[in-house]
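Source file: structure-v6.cif; contents: mmCIF, C-alpha atoms.
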```
data_model
loop_
_atom_site.group_PDB
_atom_site.id
_atom_site.type_symbol
_atom_site.label_atom_id
_atom_site.label_comp_id
_atom_site.auth_asym_id
_atom_site.auth_seq_id
_atom_site.Cartn_x
_atom_site.Cartn_y
_atom_site.Cartn_z
ATOM 1 C CA ARG A 5 20.487 0.829 -48.810
ATOM 2 C CA ALA A 6 18.909 -2.133 -46.978
ATOM 3 C CA MET A 7 21.391 -1.587 -44.132
ATOM 4 C CA ASN A 8 20.576 2.123 -43.926
ATOM 5 C CA LYS A 9 16.879 2.980 -43.903
ATOM 6 C CA VAL A 10 17.282 6.594 -42.822
ATOM 7 C CA MET A 11 15.306 9.086 -44.909
ATOM 8 C CA ASN A 12 13.314 12.248 -44.344
ATOM 9 C CA ILE A 13 9.610 12.143 -43.512
ATOM 10 C CA ARG A 14 8.554 13.502 -46.889
ATOM 11 C CA GLU A 15 10.359 10.687 -48.678
ATOM 12 C CA ALA A 16 9.049 8.014 -46.306
ATOM 13 C CA VAL A 17 5.374 8.998 -46.552
ATOM 14 C CA GLY A 18 5.624 9.551 -50.303
ATOM 15 C CA GLN A 19 7.226 6.157 -50.905
ATOM 16 C CA PHE A 20 5.187 3.883 -48.640
ATOM 17 C CA LEU A 21 1.720 5.418 -48.087
ATOM 18 C CA PHE A 22 -0.908 5.635 -50.824
ATOM 19 C CA ASP A 23 -4.527 6.697 -51.246
ATOM 20 C CA GLY A 24 -6.932 4.051 -49.953
ATOM 21 C CA ALA A 25 -4.356 2.421 -47.670
ATOM 22 C CA MET A 26 -5.017 0.759 -44.334
ATOM 23 C CA LEU A 27 -2.905 2.783 -41.902
ATOM 24 C CA GLY A 28 -1.915 1.500 -38.458
ATOM 25 C CA LEU A 29 -1.425 4.215 -35.827
ATOM 26 C CA GLY A 30 0.966 3.771 -32.913
ATOM 27 C CA GLY A 31 0.927 5.549 -29.585
ATOM 28 C CA GLN A 32 -1.817 5.591 -26.984
ATOM 29 C CA ASN A 33 -3.997 8.353 -25.526
ATOM 30 C CA ILE A 34 -1.597 11.293 -25.003
ATOM 31 C CA GLY A 35 1.615 9.264 -25.206
ATOM 32 C CA ARG A 36 3.982 8.731 -28.135
ATOM 33 C CA CYS A 37 1.592 9.367 -31.030
ATOM 34 C CA ALA A 38 3.388 9.715 -34.382
ATOM 35 C CA MET A 39 2.340 13.334 -34.866
ATOM 36 C CA ALA A 40 5.132 14.451 -37.204
ATOM 37 C CA ALA A 41 4.254 11.623 -39.577
ATOM 38 C CA VAL A 42 0.553 12.551 -39.401
ATOM 39 C CA HIS A 43 1.377 16.166 -40.293
ATOM 40 C CA GLU A 44 3.243 14.996 -43.385
ATOM 41 C CA ILE A 45 0.381 12.694 -44.410
ATOM 42 C CA ILE A 46 -1.954 15.701 -44.251
ATOM 43 C CA ARG A 47 0.451 17.880 -46.223
ATOM 44 C CA GLN A 48 0.680 15.215 -48.929
ATOM 45 C CA GLY A 49 -3.096 14.744 -48.941
ATOM 46 C CA LYS A 50 -3.153 10.953 -48.735
ATOM 47 C CA ARG A 51 -6.855 10.219 -48.641
ATOM 48 C CA ASP A 52 -9.547 7.535 -48.384
ATOM 49 C CA LEU A 53 -7.622 5.987 -45.495
ATOM 50 C CA THR A 54 -8.723 3.224 -43.127
ATOM 51 C CA LEU A 55 -7.213 3.796 -39.679
ATOM 52 C CA VAL A 56 -6.601 0.901 -37.275
ATOM 53 C CA GLY A 57 -5.241 0.733 -33.730
ATOM 54 C CA CYS A 58 -6.322 0.622 -30.091
ATOM 55 C CA ASN A 59 -7.023 4.168 -28.873
ATOM 56 C CA LEU A 60 -6.563 6.205 -32.047
ATOM 57 C CA SER A 61 -6.404 9.535 -30.177
ATOM 58 C CA ILE A 62 -5.307 12.909 -31.560
ATOM 59 C CA SER A 63 -3.358 11.485 -34.511
ATOM 60 C CA MET A 64 -6.563 9.954 -35.851
ATOM 61 C CA ASP A 65 -8.606 13.061 -35.070
ATOM 62 C CA LEU A 66 -6.304 15.301 -37.114
ATOM 63 C CA LEU A 67 -6.532 12.999 -40.136
ATOM 64 C CA VAL A 68 -10.320 12.862 -39.807
ATOM 65 C CA GLY A 69 -10.502 16.649 -39.416
ATOM 66 C CA ALA A 70 -8.453 17.014 -42.597
ATOM 67 C CA GLY A 71 -10.999 14.900 -44.491
ATOM 68 C CA LEU A 72 -8.605 12.065 -45.315
ATOM 69 C CA VAL A 73 -10.329 9.146 -43.553
ATOM 70 C CA ARG A 74 -12.990 6.781 -44.872
ATOM 71 C CA ARG A 75 -13.140 4.251 -42.018
ATOM 72 C CA CYS A 76 -11.769 3.519 -38.535
ATOM 73 C CA GLU A 77 -11.441 0.230 -36.670
ATOM 74 C CA SER A 78 -10.336 0.612 -33.065
ATOM 75 C CA GLY A 79 -11.026 0.150 -29.381
ATOM 76 C CA SER A 80 -11.679 3.835 -28.660
ATOM 77 C CA GLY A 81 -11.021 7.443 -29.605
ATOM 78 C CA ASN A 82 -10.148 9.849 -26.803
ATOM 79 C CA LEU A 83 -7.475 12.024 -25.216
ATOM 80 C CA GLU A 84 -7.918 10.885 -21.602
ATOM 81 C CA ARG A 85 -8.735 13.855 -19.333
ATOM 82 C CA PHE A 86 -8.892 16.162 -22.361
ATOM 83 C CA GLY A 87 -12.027 14.432 -23.598
ATOM 84 C CA THR A 88 -13.163 12.610 -26.700
ATOM 85 C CA THR A 89 -11.814 13.057 -30.218
ATOM 86 C CA PHE A 90 -14.347 15.584 -31.465
ATOM 87 C CA CYS A 91 -13.715 15.566 -35.234
ATOM 88 C CA TRP A 92 -14.040 11.789 -35.249
ATOM 89 C CA LYS A 93 -17.129 11.796 -32.999
ATOM 90 C CA ARG A 94 -18.896 14.348 -35.150
ATOM 91 C CA LYS A 95 -18.208 12.566 -38.447
ATOM 92 C CA VAL A 96 -19.207 9.164 -37.054
ATOM 93 C CA GLU A 97 -22.489 10.619 -35.744
ATOM 94 C CA ASN A 98 -23.145 12.341 -39.086
ATOM 95 C CA GLY A 99 -22.408 9.163 -41.061
ATOM 96 C CA GLU A 100 -19.464 10.783 -42.852
ATOM 97 C CA ILE A 101 -17.027 8.019 -41.902
ATOM 98 C CA GLU A 102 -17.489 4.352 -40.991
ATOM 99 C CA MET A 103 -16.547 3.178 -37.512
ATOM 100 C CA GLU A 104 -16.136 -0.452 -36.429
ATOM 101 C CA ASP A 105 -15.808 -1.000 -32.673
ATOM 102 C CA PHE A 106 -13.616 -3.659 -31.126
ATOM 103 C CA SER A 107 -12.141 -3.999 -27.662
ATOM 104 C CA HIS A 108 -8.470 -3.099 -27.226
ATOM 105 C CA LEU A 109 -7.652 -6.780 -26.682
ATOM 106 C CA GLY A 110 -9.695 -7.613 -29.771
ATOM 107 C CA MET A 111 -7.580 -5.257 -31.891
ATOM 108 C CA VAL A 112 -4.318 -6.665 -30.509
ATOM 109 C CA SER A 113 -5.618 -10.169 -31.214
ATOM 110 C CA ARG A 114 -6.280 -9.206 -34.829
ATOM 111 C CA PHE A 115 -2.740 -7.839 -35.226
ATOM 112 C CA LEU A 116 -1.411 -11.006 -33.575
ATOM 113 C CA ALA A 117 -3.227 -13.139 -36.146
ATOM 114 C CA GLY A 118 -1.798 -10.928 -38.891
ATOM 115 C CA GLU A 119 1.779 -11.277 -37.699
ATOM 116 C CA MET A 120 1.420 -15.056 -37.359
ATOM 117 C CA GLY A 121 0.040 -15.440 -40.876
ATOM 118 C CA LEU A 122 -3.292 -16.747 -39.571
ATOM 119 C CA PRO A 123 -6.693 -15.771 -41.014
ATOM 120 C CA PHE A 124 -8.249 -15.150 -37.592
ATOM 121 C CA MET A 125 -7.639 -15.257 -33.839
ATOM 122 C CA PRO A 126 -10.007 -16.740 -31.229
ATOM 123 C CA THR A 127 -10.917 -14.563 -28.252
ATOM 124 C CA LYS A 128 -13.524 -14.216 -25.518
ATOM 125 C CA SER A 129 -12.893 -10.488 -25.194
ATOM 126 C CA LEU A 130 -16.143 -9.274 -26.829
ATOM 127 C CA LEU A 131 -18.471 -11.707 -25.058
ATOM 128 C CA GLY A 132 -20.750 -10.101 -22.505
ATOM 129 C CA SER A 133 -20.822 -6.808 -24.405
ATOM 130 C CA ASP A 134 -22.817 -5.491 -27.342
ATOM 131 C CA ILE A 135 -19.682 -4.753 -29.390
ATOM 132 C CA HIS A 136 -20.041 -7.972 -31.357
ATOM 133 C CA THR A 137 -23.737 -7.334 -32.065
ATOM 134 C CA ARG A 138 -23.210 -3.890 -33.617
ATOM 135 C CA SER A 139 -21.496 -3.373 -36.963
ATOM 136 C CA ALA A 140 -20.801 -0.474 -39.268
ATOM 137 C CA PRO A 141 -21.763 -0.746 -42.951
ATOM 138 C CA SER A 142 -19.040 -2.899 -44.363
ATOM 139 C CA THR A 143 -18.200 -5.371 -47.090
ATOM 140 C CA THR A 144 -16.259 -7.522 -44.624
ATOM 141 C CA LYS A 145 -17.506 -9.838 -41.899
ATOM 142 C CA LYS A 146 -16.783 -8.526 -38.399
ATOM 143 C CA TYR A 147 -16.552 -11.854 -36.525
ATOM 144 C CA GLU A 148 -17.634 -15.485 -36.370
ATOM 145 C CA MET A 149 -18.936 -17.099 -33.197
ATOM 146 C CA ILE A 150 -18.259 -20.806 -32.701
ATOM 147 C CA GLU A 151 -18.402 -23.410 -29.953
ATOM 148 C CA ASN A 152 -15.178 -24.458 -28.305
ATOM 149 C CA PRO A 153 -14.545 -27.853 -29.993
ATOM 150 C CA TRP A 154 -13.122 -29.236 -26.732
ATOM 151 C CA ASN A 155 -15.900 -27.856 -24.516
ATOM 152 C CA PRO A 156 -19.275 -27.905 -26.338
ATOM 153 C CA GLY A 157 -21.563 -25.058 -25.375
ATOM 154 C CA GLU A 158 -18.723 -22.624 -24.615
ATOM 155 C CA PRO A 159 -18.838 -19.655 -27.058
ATOM 156 C CA VAL A 160 -15.668 -18.346 -28.700
ATOM 157 C CA ILE A 161 -15.399 -15.403 -31.077
ATOM 158 C CA LEU A 162 -13.095 -15.523 -34.111
ATOM 159 C CA LEU A 163 -11.780 -12.113 -35.181
ATOM 160 C CA PRO A 164 -10.304 -11.505 -38.668
ATOM 161 C CA ALA A 165 -6.590 -10.828 -38.995
ATOM 162 C CA LEU A 166 -5.284 -7.330 -39.686
ATOM 163 C CA ASN A 167 -2.335 -6.592 -41.977
ATOM 164 C CA PRO A 168 -2.009 -2.822 -42.370
ATOM 165 C CA ASP A 169 -0.476 -1.586 -45.610
ATOM 166 C CA VAL A 170 1.588 0.865 -43.559
ATOM 167 C CA SER A 171 1.990 1.604 -39.851
ATOM 168 C CA ILE A 172 3.511 4.723 -38.329
ATOM 169 C CA VAL A 173 5.070 4.775 -34.867
ATOM 170 C CA HIS A 174 7.207 7.178 -32.868
ATOM 171 C CA VAL A 175 9.884 5.604 -30.661
ATOM 172 C CA GLN A 176 12.716 6.659 -28.435
ATOM 173 C CA LYS A 177 15.651 5.146 -30.328
ATOM 174 C CA SER A 178 16.526 3.390 -33.573
ATOM 175 C CA ASP A 179 19.719 2.494 -35.345
ATOM 176 C CA PRO A 180 20.016 3.206 -39.109
ATOM 177 C CA MET A 181 18.912 -0.365 -39.917
ATOM 178 C CA GLY A 182 15.644 0.020 -38.013
ATOM 179 C CA ASN A 183 16.309 -1.879 -34.794
ATOM 180 C CA LEU A 184 13.915 -0.119 -32.419
ATOM 181 C CA ILE A 185 14.080 0.580 -28.704
ATOM 182 C CA ILE A 186 10.684 1.475 -27.222
ATOM 183 C CA GLU A 187 10.758 2.535 -23.574
ATOM 184 C CA GLY A 188 7.711 2.563 -21.325
ATOM 185 C CA PHE A 189 4.411 1.266 -22.679
ATOM 186 C CA THR A 190 4.220 -0.591 -25.989
ATOM 187 C CA THR A 191 0.471 -1.423 -26.083
ATOM 188 C CA HIS A 192 -0.422 -2.864 -29.530
ATOM 189 C CA GLU A 193 2.659 -1.640 -31.371
ATOM 190 C CA PRO A 194 4.851 -4.797 -31.461
ATOM 191 C CA GLU A 195 2.009 -6.898 -32.894
ATOM 192 C CA MET A 196 0.915 -4.113 -35.265
ATOM 193 C CA ILE A 197 4.418 -3.517 -36.606
ATOM 194 C CA ARG A 198 5.072 -7.212 -37.184
ATOM 195 C CA SER A 199 1.739 -7.586 -39.000
ATOM 196 C CA SER A 200 2.265 -4.572 -41.300
ATOM 197 C CA LYS A 201 3.530 -4.649 -44.858
ATOM 198 C CA HIS A 202 5.581 -1.505 -44.201
ATOM 199 C CA THR A 203 6.411 0.514 -41.082
ATOM 200 C CA ILE A 204 7.586 4.124 -40.958
ATOM 201 C CA VAL A 205 9.381 4.947 -37.713
ATOM 202 C CA THR A 206 10.124 8.415 -36.391
ATOM 203 C CA CYS A 207 12.517 8.558 -33.453
ATOM 204 C CA GLU A 208 14.023 10.875 -30.887
ATOM 205 C CA GLU A 209 17.523 9.527 -31.456
ATOM 206 C CA ILE A 210 19.382 7.514 -34.074
ATOM 207 C CA ILE A 211 21.996 5.438 -32.286
ATOM 208 C CA ASP A 212 24.933 3.421 -33.530
ATOM 209 C CA ASN A 213 24.311 -0.234 -34.282
ATOM 210 C CA ARG A 214 27.087 -1.077 -31.828
ATOM 211 C CA GLN A 215 24.786 0.094 -29.011
ATOM 212 C CA ILE A 216 22.099 -2.301 -30.237
ATOM 213 C CA ARG A 217 24.576 -5.188 -30.331
ATOM 214 C CA ALA A 218 25.995 -4.343 -26.911
ATOM 215 C CA ASP A 219 22.535 -4.397 -25.291
ATOM 216 C CA PRO A 220 20.405 -6.640 -27.559
ATOM 217 C CA GLU A 221 17.723 -7.403 -24.972
ATOM 218 C CA ARG A 222 16.589 -3.747 -25.147
ATOM 219 C CA THR A 223 15.584 -4.098 -28.817
ATOM 220 C CA THR A 224 11.786 -4.079 -28.983
ATOM 221 C CA ILE A 225 11.478 -4.597 -32.746
ATOM 222 C CA PRO A 226 14.238 -5.933 -35.053
ATOM 223 C CA HIS A 227 15.086 -4.209 -38.312
ATOM 224 C CA ILE A 228 13.403 -6.777 -40.581
ATOM 225 C CA TYR A 229 9.995 -5.232 -39.788
ATOM 226 C CA VAL A 230 10.977 -1.609 -40.457
ATOM 227 C CA SER A 231 10.880 0.128 -43.846
ATOM 228 C CA ALA A 232 11.992 3.691 -43.025
ATOM 229 C CA VAL A 233 13.717 5.454 -40.125
ATOM 230 C CA VAL A 234 13.223 9.201 -39.713
ATOM 231 C CA HIS A 235 15.115 11.255 -37.128
ATOM 232 C CA LEU A 236 12.496 13.645 -35.725
ATOM 233 C CA PRO A 237 13.090 14.829 -32.165
ATOM 234 C CA TRP A 238 9.819 15.954 -30.558
ATOM 235 C CA GLY A 239 8.008 13.932 -33.228
ATOM 236 C CA ALA A 240 5.199 12.990 -30.811
ATOM 237 C CA HIS A 241 4.351 16.573 -29.717
ATOM 238 C CA PRO A 242 1.883 17.536 -28.287
ATOM 239 C CA THR A 243 1.770 14.017 -26.807
ATOM 240 C CA SER A 244 4.568 12.771 -24.557
ATOM 241 C CA THR A 245 7.578 10.545 -25.084
ATOM 242 C CA HIS A 246 8.718 8.669 -21.993
ATOM 243 C CA ARG A 247 12.097 9.876 -20.679
ATOM 244 C CA TYR A 248 12.202 12.728 -23.215
ATOM 245 C CA TYR A 249 9.309 15.155 -22.666
ATOM 246 C CA ASP A 250 5.873 15.403 -21.089
ATOM 247 C CA TYR A 251 2.652 16.023 -22.981
ATOM 248 C CA ASP A 252 1.824 19.644 -23.841
ATOM 249 C CA GLY A 253 -1.468 20.184 -22.048
ATOM 250 C CA GLU A 254 -1.704 23.784 -23.201
ATOM 251 C CA HIS A 255 -1.582 22.885 -26.876
ATOM 252 C CA ILE A 256 -3.780 19.791 -26.521
ATOM 253 C CA GLY A 257 -6.376 21.957 -24.767
ATOM 254 C CA PHE A 258 -6.223 24.503 -27.587
ATOM 255 C CA TYR A 259 -6.591 21.770 -30.204
ATOM 256 C CA GLN A 260 -9.593 20.353 -28.359
ATOM 257 C CA GLU A 261 -11.258 23.779 -28.370
ATOM 258 C CA CYS A 262 -10.864 23.921 -32.154
ATOM 259 C CA ALA A 263 -11.956 20.316 -32.695
ATOM 260 C CA ARG A 264 -15.037 20.709 -30.478
ATOM 261 C CA VAL A 265 -16.277 23.622 -32.601
ATOM 262 C CA GLY A 266 -15.156 22.089 -35.899
ATOM 263 C CA GLY A 267 -15.772 23.769 -39.227
ATOM 264 C CA LYS A 268 -13.664 26.870 -39.764
ATOM 265 C CA ARG A 269 -11.942 26.493 -36.384
ATOM 266 C CA ILE A 270 -10.401 23.140 -37.281
ATOM 267 C CA ASP A 271 -9.620 24.363 -40.800
ATOM 268 C CA ASP A 272 -7.801 27.348 -39.301
ATOM 269 C CA TYR A 273 -5.891 25.045 -36.957
ATOM 270 C CA LEU A 274 -4.745 22.890 -39.871
ATOM 271 C CA ASP A 275 -3.796 25.946 -41.934
ATOM 272 C CA ARG A 276 -1.767 27.432 -39.090
ATOM 273 C CA PHE A 277 -0.060 24.401 -37.572
ATOM 274 C CA VAL A 278 0.126 21.820 -40.375
ATOM 275 C CA LEU A 279 -0.435 23.070 -43.918
ATOM 276 C CA GLY A 280 1.198 26.404 -43.163
ATOM 277 C CA CYS A 281 4.380 24.781 -41.815
ATOM 278 C CA ASP A 282 7.047 23.492 -44.187
ATOM 279 C CA SER A 283 8.421 21.135 -41.539
ATOM 280 C CA PHE A 284 7.652 19.762 -38.090
ATOM 281 C CA GLN A 285 10.333 22.051 -36.689
ATOM 282 C CA ASP A 286 8.313 25.020 -37.978
ATOM 283 C CA TYR A 287 5.246 23.587 -36.261
ATOM 284 C CA LEU A 288 7.106 23.296 -32.948
ATOM 285 C CA LYS A 289 8.095 26.976 -33.104
ATOM 286 C CA GLU A 290 4.523 28.001 -33.866
ATOM 287 C CA ALA A 291 2.794 25.652 -31.433
ATOM 288 C CA ALA A 292 5.077 25.789 -28.406
ATOM 289 C CA GLY A 293 8.368 27.665 -28.701
ATOM 290 C CA GLU A 294 11.683 26.883 -27.055
ATOM 291 C CA GLU A 295 10.697 27.984 -23.555
ATOM 292 C CA ARG A 296 7.648 25.718 -23.320
ATOM 293 C CA LEU A 297 9.520 22.791 -24.858
ATOM 294 C CA SER A 298 12.205 23.198 -22.207
ATOM 295 C CA ARG A 299 9.550 23.111 -19.504
ATOM 296 C CA LEU A 300 8.146 19.883 -20.935
ATOM 297 C CA GLN A 301 11.612 18.330 -20.755
ATOM 298 C CA GLU A 302 11.999 19.516 -17.183
ATOM 299 C CA LYS A 303 8.643 18.002 -16.188
ATOM 300 C CA MET A 304 9.853 14.643 -17.484
ATOM 301 C CA GLY A 305 13.172 15.159 -15.680
ATOM 302 C CA CYS A 306 15.130 14.809 -18.920
ATOM 303 C CA LEU A 307 17.449 17.739 -19.306
ATOM 304 C CA SER A 308 20.075 15.798 -21.196
ATOM 305 C CA SER A 309 20.862 12.470 -22.811
ATOM 306 C CA THR A 310 23.036 11.726 -19.791
ATOM 307 C CA SER A 311 20.038 11.872 -17.443
ATOM 308 C CA ARG A 312 18.024 9.641 -19.807
ATOM 309 C CA ASP A 313 20.672 6.962 -19.949
ATOM 310 C CA ALA A 314 21.501 7.005 -16.234
#
```
Would you encode the structure as structure tokens?
Amino acid sequence: RAMNKVMNIREAVGQFLFDGAMLGLGGQNIGRCAMAAVHEIIRQGKRDLTLVGCNLSISMDLLVGAGLVRRCESGSGNLERFGTTFCWKRKVENGEIEMEDFSHLGMVSRFLAGEMGLPFMPTKSLLGSDIHTRSAPSTTKKYEMIENPWNPGEPVILLPALNPDVSIVHVQKSDPMGNLIIEGFTTHEPEMIRSSKHTIVTCEEIIDNRQIRADPERTTIPHIYVSAVVHLPWGAHPTSTHRYYDYDGEHIGFYQECARVGGKRIDDYLDRFVLGCDSFQDYLKEAAGEERLSRLQEKMGCLSSTSRDA
């Protein structure tokens, strides 16, 4: 079993995620968010979650809209040109969830400390801003400011390490053991994965281990950091996956309309596209349909696996 970590998304979420967990979210803005995994988390009702990452984006907003989040720690929450994450914004403003702000580099530094087994990581990223002077209600200390021991008078901020209980990421390729190939941006994901106790990976393709061995320098993350591999093509929709499909602006725009209004509109969205779908494939039929999915592939210039591997 250790050599074959392939399972379905229901099994993976049920086995590794639990109520009250710290959940690391991969992806960035409108690219490669682990949406299929988020849908399953909502269907299973895993609650009281703490979400961590850089830009937590639409994956975070759905979990917040579903009422499953207690706290967020991140660099931002937005969908680029589609605007802010409205469910998250509303609940932060109303005091319904806690929010702790860090810079993007600050969050990566915390994951780096976690993967190295260190209690903290020094940085100068927050200096010159008010991020380090503002804190959400919390039982943990946000930072410590010290003097550089080798240059007295120079301030340095120490940020606490992060070790998520579980992280979820969507990638282009994995072999059954969990050797991952991430193409395009990686942002905070390598550090986050290596700092996590467990990582659930959804992927566009499961490839033979012989391909990994033939081209080892393409492996972004080795299998020792991966707990579960789930084959879920289109698993980032409506966000994009480099070399596979573009983001679905039509559906993101519709989601943003629902999230901006909130209340019954977001409940109806969840009922129609998440809770009312037995699988992510059912969601894709309801949210986009074959014709629009084909157009998204065409926009990325990826009509076949041959064109991707060229």
Quick one: apply the PyMOL selection byres ((chain A and resi 276-279) around 8) to the file and drop the selected residues here as number ranges by chain. A: 43, 46-47, 272-275, 280-282, 287, 290-291
Care to translate the PyMOL selection byres ((chain A and resi 112) around 10) into actual residues of this file, as a ChimeraX atom specification? /A:57-58,78-79,106-111,113-118,125,165-166,191-196
Mind checking which residues fall within 6 Å of Val173 in chain A, counting all atoms listed in the file, ignoring those fewer than 3 positions away in the same chain, and posting them as number ranges by chain? A: 30, 38, 205
Applying 10 Å and only C-alpha atoms, which residues near range 183-190 of chain A remain after dropping the ones on its own chain fewer than 4 positions away? List them as a PyMOL selection string. chain A and resi 30-32+35-36+174-179+194-195+205+207+209-211+213+216-217+220-230+233+245-247
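If you count all atoms listed in the file and ignore residues fewer than 6 places along the chain from Asp105 in chain A, what sits within 12 Å of it is Val56, Gly57, Cys58, Asn59, Leu60, Arg75, Cys76, Glu77, Ser78, Gly79, Ser80, Gly81, Val96, Met111, Leu130, Ser133, Asp134, Ile135, His136, Thr137, Arg138, Ser139, Ala140, Pro141, Lys146 and Tyr147 of chain A.
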The selected residues should be written to file as an mmCIF file, in the coordinates of the input (atoms: C-alpha atoms).
```cif
data_model
loop_
_atom_site.group_PDB
_atom_site.id
_atom_site.type_symbol
_atom_site.label_atom_id
_atom_site.label_comp_id
_atom_site.auth_asym_id
_atom_site.auth_seq_id
_atom_site.Cartn_x
_atom_site.Cartn_y
_atom_site.Cartn_z
ATOM 1 C CA VAL A 56 -6.601 0.901 -37.275
ATOM 2 C CA GLY A 57 -5.241 0.733 -33.730
ATOM 3 C CA CYS A 58 -6.322 0.622 -30.091
ATOM 4 C CA ASN A 59 -7.023 4.168 -28.873
ATOM 5 C CA LEU A 60 -6.563 6.205 -32.047
ATOM 6 C CA ARG A 75 -13.140 4.251 -42.018
ATOM 7 C CA CYS A 76 -11.769 3.519 -38.535
ATOM 8 C CA GLU A 77 -11.441 0.230 -36.670
ATOM 9 C CA SER A 78 -10.336 0.612 -33.065
ATOM 10 C CA GLY A 79 -11.026 0.150 -29.381
ATOM 11 C CA SER A 80 -11.679 3.835 -28.660
ATOM 12 C CA GLY A 81 -11.021 7.443 -29.605
ATOM 13 C CA VAL A 96 -19.207 9.164 -37.054
ATOM 14 C CA MET A 111 -7.580 -5.257 -31.891
ATOM 15 C CA LEU A 130 -16.143 -9.274 -26.829
ATOM 16 C CA SER A 133 -20.822 -6.808 -24.405
ATOM 17 C CA ASP A 134 -22.817 -5.491 -27.342
ATOM 18 C CA ILE A 135 -19.682 -4.753 -29.390
ATOM 19 C CA HIS A 136 -20.041 -7.972 -31.357
ATOM 20 C CA THR A 137 -23.737 -7.334 -32.065
ATOM 21 C CA ARG A 138 -23.210 -3.890 -33.617
ATOM 22 C CA SER A 139 -21.496 -3.373 -36.963
ATOM 23 C CA ALA A 140 -20.801 -0.474 -39.268
ATOM 24 C CA PRO A 141 -21.763 -0.746 -42.951
ATOM 25 C CA LYS A 146 -16.783 -8.526 -38.399
ATOM 26 C CA TYR A 147 -16.552 -11.854 -36.525
#
```
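Evaluating the PyMOL selection byres ((chain A and resi 18-27) around 8) against the shown model yields A:Arg14, A:Glu15, A:Ala16, A:Val17, A:Gly28, A:Leu29, A:Gln48, A:Lys50, A:Arg51, A:Asp52, A:Leu53, A:Thr54, A:Leu55, A:Val56, A:Pro168, A:Asp169, A:Val170, A:Ser171, A:Ile172, A:His202.
We find CA of Lys128 in chain A and CA of Thr89 in chain A to be spaced 27.7 Å apart.
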Size and centre in Å, one decimal, axis-aligned box, all listed range 140-158 of chain A atoms plus 5 Å per side, as AutoDock Vina command-line options:
```
--center_x -17.4 --center_y -14.9 --center_z -35.8 --size_x 18.6 --size_y 38.8 --size_z 32.6
```
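Restricting the calculation to all atoms listed in the file, the smallest distance between His255 in chain A and any of A:Gly157, A:Ala292, A:Lys9, A:Ala232 is found for A:Ala292.
CA of Pro242 in chain A sits 13.6 Å away from CA of Glu84 in chain A.
The shortest atom-to-atom distance to Asp252 in chain A, with all atoms listed in the file taken into account, belongs to A:Ile34 out of A:Lys201, A:Arg85, A:Ile34, A:Glu100.
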Kindly extract all protein, DNA and RNA residues lying within 9 Å of the coordinates (-3.6, 14.0, -30.4) given in the file, considering all atoms listed in the file, and supply them as a PDB file with C-alpha atoms, in the frame of the given file.
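This is the output file selection-v4.pdb:
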```pdb
ATOM      1  CA  ASN A  33      -3.997   8.353 -25.526  1.00  0.00           C
ATOM      2  CA  ILE A  34      -1.597  11.293 -25.003  1.00  0.00           C
ATOM      3  CA  GLY A  35       1.615   9.264 -25.206  1.00  0.00           C
ATOM      4  CA  CYS A  37       1.592   9.367 -31.030  1.00  0.00           C
ATOM      5  CA  MET A  39       2.340  13.334 -34.866  1.00  0.00           C
ATOM      6  CA  LEU A  60      -6.563   6.205 -32.047  1.00  0.00           C
ATOM      7  CA  SER A  61      -6.404   9.535 -30.177  1.00  0.00           C
ATOM      8  CA  ILE A  62      -5.307  12.909 -31.560  1.00  0.00           C
ATOM      9  CA  SER A  63      -3.358  11.485 -34.511  1.00  0.00           C
ATOM     10  CA  MET A  64      -6.563   9.954 -35.851  1.00  0.00           C
ATOM     11  CA  ASP A  65      -8.606  13.061 -35.070  1.00  0.00           C
ATOM     12  CA  LEU A  66      -6.304  15.301 -37.114  1.00  0.00           C
ATOM     13  CA  ASN A  82     -10.148   9.849 -26.803  1.00  0.00           C
ATOM     14  CA  LEU A  83      -7.475  12.024 -25.216  1.00  0.00           C
ATOM     15  CA  THR A  89     -11.814  13.057 -30.218  1.00  0.00           C
ATOM     16  CA  ALA A 240       5.199  12.990 -30.811  1.00  0.00           C
ATOM     17  CA  HIS A 241       4.351  16.573 -29.717  1.00  0.00           C
ATOM     18  CA  PRO A 242       1.883  17.536 -28.287  1.00  0.00           C
ATOM     19  CA  THR A 243       1.770  14.017 -26.807  1.00  0.00           C
ATOM     20  CA  ILE A 256      -3.780  19.791 -26.521  1.00  0.00           C
ATOM     21  CA  TYR A 259      -6.591  21.770 -30.204  1.00  0.00           C
ATOM     22  CA  GLN A 260      -9.593  20.353 -28.359  1.00  0.00           C
TER      23      GLN A 260
END
```
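CA of Ala218 in chain A to CA of Thr203 in chain A spans 24.7 Å [interatomic distance, one decimal].
Residue nearest Pro126 in chain A, chosen from A:Ile197, A:Glu151, A:Val160, A:Arg94 and counting all atoms listed in the file: A:Val160.
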In terms of only C-alpha atoms, the residue from A:Pro123, A:Gly266, A:Gly239, A:Pro180 at minimal distance from Lys93 in chain A is A:Gly266
Restricting to only C-alpha atoms, whichever of A:Arg198, A:Arg214, A:Lys145, A:Arg264 is closest to Lys95 in chain A is A:Arg264
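Ranking A:Glu261, A:Asp271, A:Asp219, A:Asp212 by their shortest atom-to-atom distance to Thr88 in chain A, with only C-alpha atoms included, puts A:Glu261 first.
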